[in-house]
Every structure is written in structure tokens, then in C-alpha cells.
$ cat final_26.txt   # compact mmCIF, C-alpha atoms and all ligand atoms
# COMPACT_ATOMS: atom_id res chain seq x y z
CA MET A 1155 72.25 100.74 118.31
CA PHE A 1156 75.34 102.93 118.58
CA ARG A 1157 77.42 100.26 116.88
CA MET A 1158 74.99 100.08 113.94
CA ARG A 1159 75.39 103.80 113.45
CA ALA A 1160 79.19 103.52 113.61
CA GLY A 1161 79.08 100.81 110.95
CA LYS A 1162 76.92 102.93 108.69
CA ARG A 1163 79.34 105.81 109.09
CA TRP A 1164 82.18 103.62 107.77
CA ALA A 1165 80.01 102.52 104.85
CA MET A 1166 79.20 106.17 104.09
CA ALA A 1167 82.88 107.09 104.24
CA GLY A 1168 83.62 104.32 101.73
CA ALA A 1169 80.84 105.45 99.41
CA PHE A 1170 82.03 109.05 99.58
CA PHE A 1171 85.56 107.94 98.75
CA LEU A 1172 84.37 106.09 95.64
CA LEU A 1173 82.28 109.11 94.57
CA ALA A 1174 85.20 111.46 95.13
CA ALA A 1175 87.51 109.14 93.22
CA ALA A 1176 85.06 108.85 90.31
CA SER A 1177 84.58 112.62 90.07
CA THR A 1178 88.35 113.18 90.24
CA VAL A 1179 88.75 110.84 87.27
CA ARG A 1180 86.19 112.86 85.32
CA ALA A 1181 87.76 116.18 86.37
CA GLN A 1182 91.18 115.01 85.20
CA GLN A 1183 89.88 113.84 81.84
CA GLN A 1184 87.90 116.94 80.91
CA PRO A 1185 90.67 119.56 80.70
CA ALA A 1186 92.81 117.25 78.54
CA GLU A 1187 90.02 116.97 75.99
CA SER A 1188 89.04 120.64 75.98
CA ARG A 1189 92.67 121.81 75.76
CA ASP A 1190 93.24 119.93 72.49
CA PRO A 1191 91.19 121.98 69.98
CA SER A 1192 92.15 125.36 71.49
CA ALA A 1193 95.93 124.79 71.33
CA PRO A 1194 96.48 125.36 67.57
CA ALA A 1195 94.13 128.40 67.62
CA ALA A 1196 96.96 130.76 68.68
CA PRO A 1197 98.04 132.99 65.75
CA GLN A 1198 101.35 131.89 64.23
CA PRO A 1199 103.68 134.49 62.60
CA ALA A 1200 104.63 133.44 59.05
CA GLY A 1201 107.80 131.34 58.73
CA SER A 1202 108.00 130.44 62.43
CA ALA A 1203 107.51 126.70 61.97
CA SER A 1204 111.00 125.59 62.97
CA PRO A 1205 111.85 121.98 63.98
CA SER A 1206 111.93 123.03 67.67
CA ASP A 1207 108.31 124.23 67.46
CA GLU A 1208 107.26 120.89 66.03
CA LYS A 1209 108.93 119.16 68.96
CA LYS A 1210 107.03 121.38 71.45
CA THR A 1211 103.73 120.55 69.77
CA SER A 1212 104.35 116.81 70.05
CA VAL A 1213 105.30 117.13 73.74
CA ALA A 1214 102.08 119.06 74.42
CA HIS A 1215 100.18 116.36 72.55
CA ASP A 1216 101.69 113.63 74.75
CA ALA A 1217 100.77 115.56 77.91
CA ALA A 1218 97.17 115.82 76.75
CA HIS A 1219 96.96 112.02 76.46
CA PRO A 1220 98.49 110.57 79.63
CA ILE A 1221 96.39 107.40 79.23
CA ALA A 1222 98.55 106.13 76.41
CA LYS A 1223 101.77 106.06 78.36
CA GLU A 1224 102.77 103.33 80.80
CA GLU A 1225 104.38 104.91 83.87
CA HIS A 1226 105.27 101.73 85.72
CA ARG A 1227 104.49 98.03 85.82
CA PHE A 1228 101.26 97.33 87.75
CA TRP A 1229 102.95 94.70 89.93
CA ASP A 1230 105.82 96.96 90.95
CA ARG A 1231 107.43 96.98 94.39
CA GLU A 1232 105.16 99.73 95.77
CA ASN A 1233 101.96 97.95 94.75
CA ASP A 1234 103.31 94.64 96.10
CA TRP A 1235 103.63 96.28 99.51
CA LEU A 1236 100.31 98.14 99.27
CA PHE A 1237 98.39 94.99 98.26
CA ALA A 1238 100.12 93.03 101.03
CA GLY A 1239 98.98 95.81 103.39
CA VAL A 1240 95.38 95.55 102.15
CA ALA A 1241 95.42 91.76 102.63
CA ALA A 1242 96.92 92.20 106.12
CA GLY A 1243 94.28 94.83 106.91
CA ARG A 1244 91.48 92.48 105.88
CA ALA A 1245 93.09 89.64 107.88
CA SER A 1246 93.21 91.83 110.97
CA ASP A 1247 89.57 92.82 110.38
CA TYR A 1248 88.75 89.09 110.21
CA ALA A 1249 90.65 88.30 113.41
CA SER A 1250 89.33 91.31 115.32
CA THR A 1251 85.73 90.60 114.30
CA LEU A 1252 85.97 86.97 115.44
CA ASN A 1253 87.50 88.24 118.70
CA LEU A 1254 84.54 90.60 119.08
CA ARG A 1255 82.06 87.78 118.36
CA ARG A 1256 83.75 85.54 120.96
CA ARG A 1257 83.17 88.32 123.48
CA GLY A 1258 79.44 88.31 122.64
CA ILE A 1259 79.37 91.62 120.72
CA ASP A 1260 77.29 91.93 117.53
CA GLU A 1261 79.00 92.58 114.21
CA ALA A 1262 78.15 96.05 112.86
CA PHE A 1263 78.71 95.64 109.09
CA LEU A 1264 77.59 92.10 108.22
CA THR A 1265 75.02 89.94 109.97
CA ASN A 1266 76.16 87.69 112.80
CA SER A 1267 75.18 84.60 110.79
CA ILE A 1268 77.65 85.54 108.02
CA VAL A 1269 80.46 86.39 110.43
CA ASP A 1270 79.88 83.21 112.44
CA ASN A 1271 80.20 81.16 109.23
CA HIS A 1272 84.00 81.42 109.24
CA PRO A 1273 84.80 80.10 105.72
CA LEU A 1274 82.15 82.42 104.24
CA PHE A 1275 83.41 85.41 106.23
CA ALA A 1276 87.02 84.63 105.25
CA GLY A 1277 85.85 84.49 101.60
CA ILE A 1278 84.25 87.93 101.92
CA GLU A 1279 87.49 89.34 103.35
CA ALA A 1280 89.43 87.79 100.44
CA ALA A 1281 86.91 89.19 97.93
CA ALA A 1282 87.33 92.66 99.46
CA THR A 1283 91.09 92.37 98.88
CA VAL A 1284 90.64 91.21 95.27
CA THR A 1285 88.11 94.01 94.59
CA SER A 1286 90.52 96.59 95.99
CA VAL A 1287 93.33 95.34 93.72
CA GLY A 1288 90.86 95.38 90.81
CA VAL A 1289 89.96 99.03 91.44
CA SER A 1290 93.69 99.87 91.64
CA TYR A 1291 94.22 98.12 88.31
CA LEU A 1292 91.41 100.14 86.65
CA PHE A 1293 93.02 103.37 87.90
CA HIS A 1294 96.43 102.14 86.65
CA ARG A 1295 95.11 101.27 83.19
CA THR A 1296 93.42 104.68 82.85
CA GLY A 1297 96.63 106.48 83.87
CA HIS A 1298 95.50 107.57 87.36
CA HIS A 1299 98.50 106.25 89.24
CA ARG A 1300 97.99 108.40 92.34
CA LEU A 1301 94.40 107.20 92.76
CA GLU A 1302 95.70 103.68 92.15
CA ARG A 1303 97.98 103.98 95.22
CA TRP A 1304 95.39 105.85 97.29
CA THR A 1305 92.86 103.05 96.80
CA SER A 1306 95.15 100.67 98.68
CA ALA A 1307 96.31 103.26 101.22
CA ILE A 1308 92.78 104.29 102.22
CA HIS A 1309 91.62 100.67 102.28
CA ILE A 1310 94.48 99.82 104.67
CA GLY A 1311 93.52 102.81 106.85
CA VAL A 1312 89.85 101.83 107.00
CA ALA A 1313 90.60 98.14 107.71
CA VAL A 1314 93.19 98.89 110.41
CA GLY A 1315 90.96 101.59 111.94
CA GLY A 1316 88.03 99.15 112.03
CA SER A 1317 90.19 96.47 113.67
CA ILE A 1318 91.36 98.88 116.37
CA ARG A 1319 87.72 99.84 116.97
CA ASN A 1320 86.73 96.15 117.19
CA TYR A 1321 89.38 95.43 119.82
CA ALA A 1322 88.51 98.65 121.68
CA LEU A 1323 84.80 97.75 122.04
CA LYS A 1324 84.12 96.85 125.67
CA THR A 1325 83.01 93.32 126.51
CA PRO A 1326 79.45 93.48 127.94
CA HIS A 1327 79.16 92.14 131.51
ZN ZN A 1401 99.92 102.77 87.91
$ encode --input "final_26.txt" --output "C-alpha cells"
Amino acid sequence: MFRMRAGKRWAMAGAFFLLAAASTVRAQQQPAESRDPSAPAAPQPAGSASPSDEKKTSVAHDAAHPIAKEEHRFWDRENDWLFAGVAAGRASDYASTLNLRRRGIDEAFLTNSIVDNHPLFAGIEAAATVTSVGVSYLFHRTGHHRLERWTSAIHIGVAVGGSIRNYALKTPH
């Protein structure tokens, strides 16, 4: 009973993270769009259009469209390590859940029949890793490189935290 509730709390935390991430994406996109039409509205004194002003305008234009510019390769060194961390986190979730099942404790997230089907459970862990990398890639392609990294970092935290919790659960006597 208590474990069910703990599992739901993790699921809620994950859902809240996705909601927060989605609303951050929207919040970051809105000001860029609304800034565009208001920028040239400032009154310009006659004869002030020097080449340096033109340069400033084009810089401001670039800043308003961060999506167009590629900041780094997706498979850079940092993402290599982050994705390796996510995969390691899922592997430790897999190992710690099987350890918990061997000790006769019920799985909180999935049903026991899924977890006890080891190839299926391993496939779910692999799919979770692939999905996480996919979400990172979407953030990367839309220019949200911080969210891209945070997706992996939070996933690692949740997976490692869940594994520690699995090992910490007391074996019933
Ligand atoms: Zn990126």
C-alpha cells in the first residue's frame, strides 16, 4: 500500500517535470515572437542609418531566432556522458528491481508479471533510455540546449534515486 503510493509519487514527479518543461518551451518562444514587431517601432532620427546600426539590427534579429542556429553537435562529449548515465541509471533500476523481486517484494511501478518477464522488462528499460534520448533530441533541434541536458540529468537522478529506494526496502520476514 505504502509502496504503491511511493510509486505514484515518482510518476507524478515525472509528469510535473514534463509539464514544466513544455511550459518553459512555450515561455521561451513567446517573447522572441512578440519582441520582433515592436523593435523597429522606436523613432529614428533622420540620417542615423549608419552601417553600425544595420549590424546591430541583424544581431538583434539573430537573437530573436535562436532556433536557426546550431550551438553544438547533438552527439557531443557531454551528451555521450549524459546518455551513458541514463542507460546506467536504467540498468541499475533493472538490477535493483530484480533484487527486490528476489526478496519477495512487489514492484511499485509495473506489474509483477512484467518485471518477472526479464526480456520484456529489459526491453522497457531500453525503451525508457531511447525515449529520454529522443526527448533530448527534440529539445536540441528546437534550440533548448539547457532543457536537452536537464532531461538526461533529471532522468539519471530519478533512476538512481529509485534504485537506492529499491535496495533500501526491507525484506519481509
Ligand atoms: Zn543541444
$ atom_distance --input "final_26.txt" --atom1 "CA of Ala1245 in chain A" --atom2 "CA of Ser1306 in chain A"
14.5 Å
$ residues_near_ligand --input "final_26.txt" --ligand "ligand ZN 1401 (chain A)" --cutoff "12 Å" --atoms "all atoms listed in the file" --output "JSON, numbers by chain"
{"A": [1220, 1221, 1223, 1224, 1225, 1226, 1227, 1228, 1229, 1230, 1231, 1232, 1233, 1287, 1289, 1290, 1291, 1292, 1293, 1294, 1295, 1296, 1297, 1298, 1299, 1300, 1301, 1302, 1303, 1304, 1305, 1306]}
$ atom_distance --input "final_26.txt" --atom1 "CA of Arg1256 in chain A" --atom2 "CA of Gly1316 in chain A"
16.8 Å
$ atom_distance --input "final_26.txt" --atom1 "CA of Gly1239 in chain A" --atom2 "CA of Ala1307 in chain A"
8.2 Å
$ residues_around --input "final_26.txt" --residues "Val1269 in chain A" --least-positions-apart "3" --cutoff "12 Å" --atoms "all atoms listed in the file" --output "list of chain:residue names"
A:Asp1247, A:Tyr1248, A:Ala1249, A:Ser1250, A:Thr1251, A:Leu1252, A:Asn1253, A:Leu1254, A:Arg1255, A:Arg1256, A:Ile1259, A:Asp1260, A:Glu1261, A:Ala1262, A:Phe1263, A:Leu1264, A:Thr1265, A:Asn1266, A:His1272, A:Pro1273, A:Leu1274, A:Phe1275, A:Ala1276, A:Gly1277, A:Ile1278, A:Glu1279
$ closest_residue --input "final_26.txt" --among "A:Pro1326, A:Gly1288, A:Gly1243, A:Gly1311" --to "Gly1258 in chain A" --atoms "all atoms listed in the file"
A:Pro1326
$ closest_residue --input "final_26.txt" --among "A:Leu1236, A:Ala1313, A:Ala1280, A:Leu1323" --to "Arg1257 in chain A" --atoms "only C-alpha atoms"
A:Leu1323
$ closest_residue --input "final_26.txt" --among "A:His1327, A:Tyr1321, A:His1309, A:Val1314" --to "Ser1246 in chain A" --atoms "only C-alpha atoms"
A:Val1314
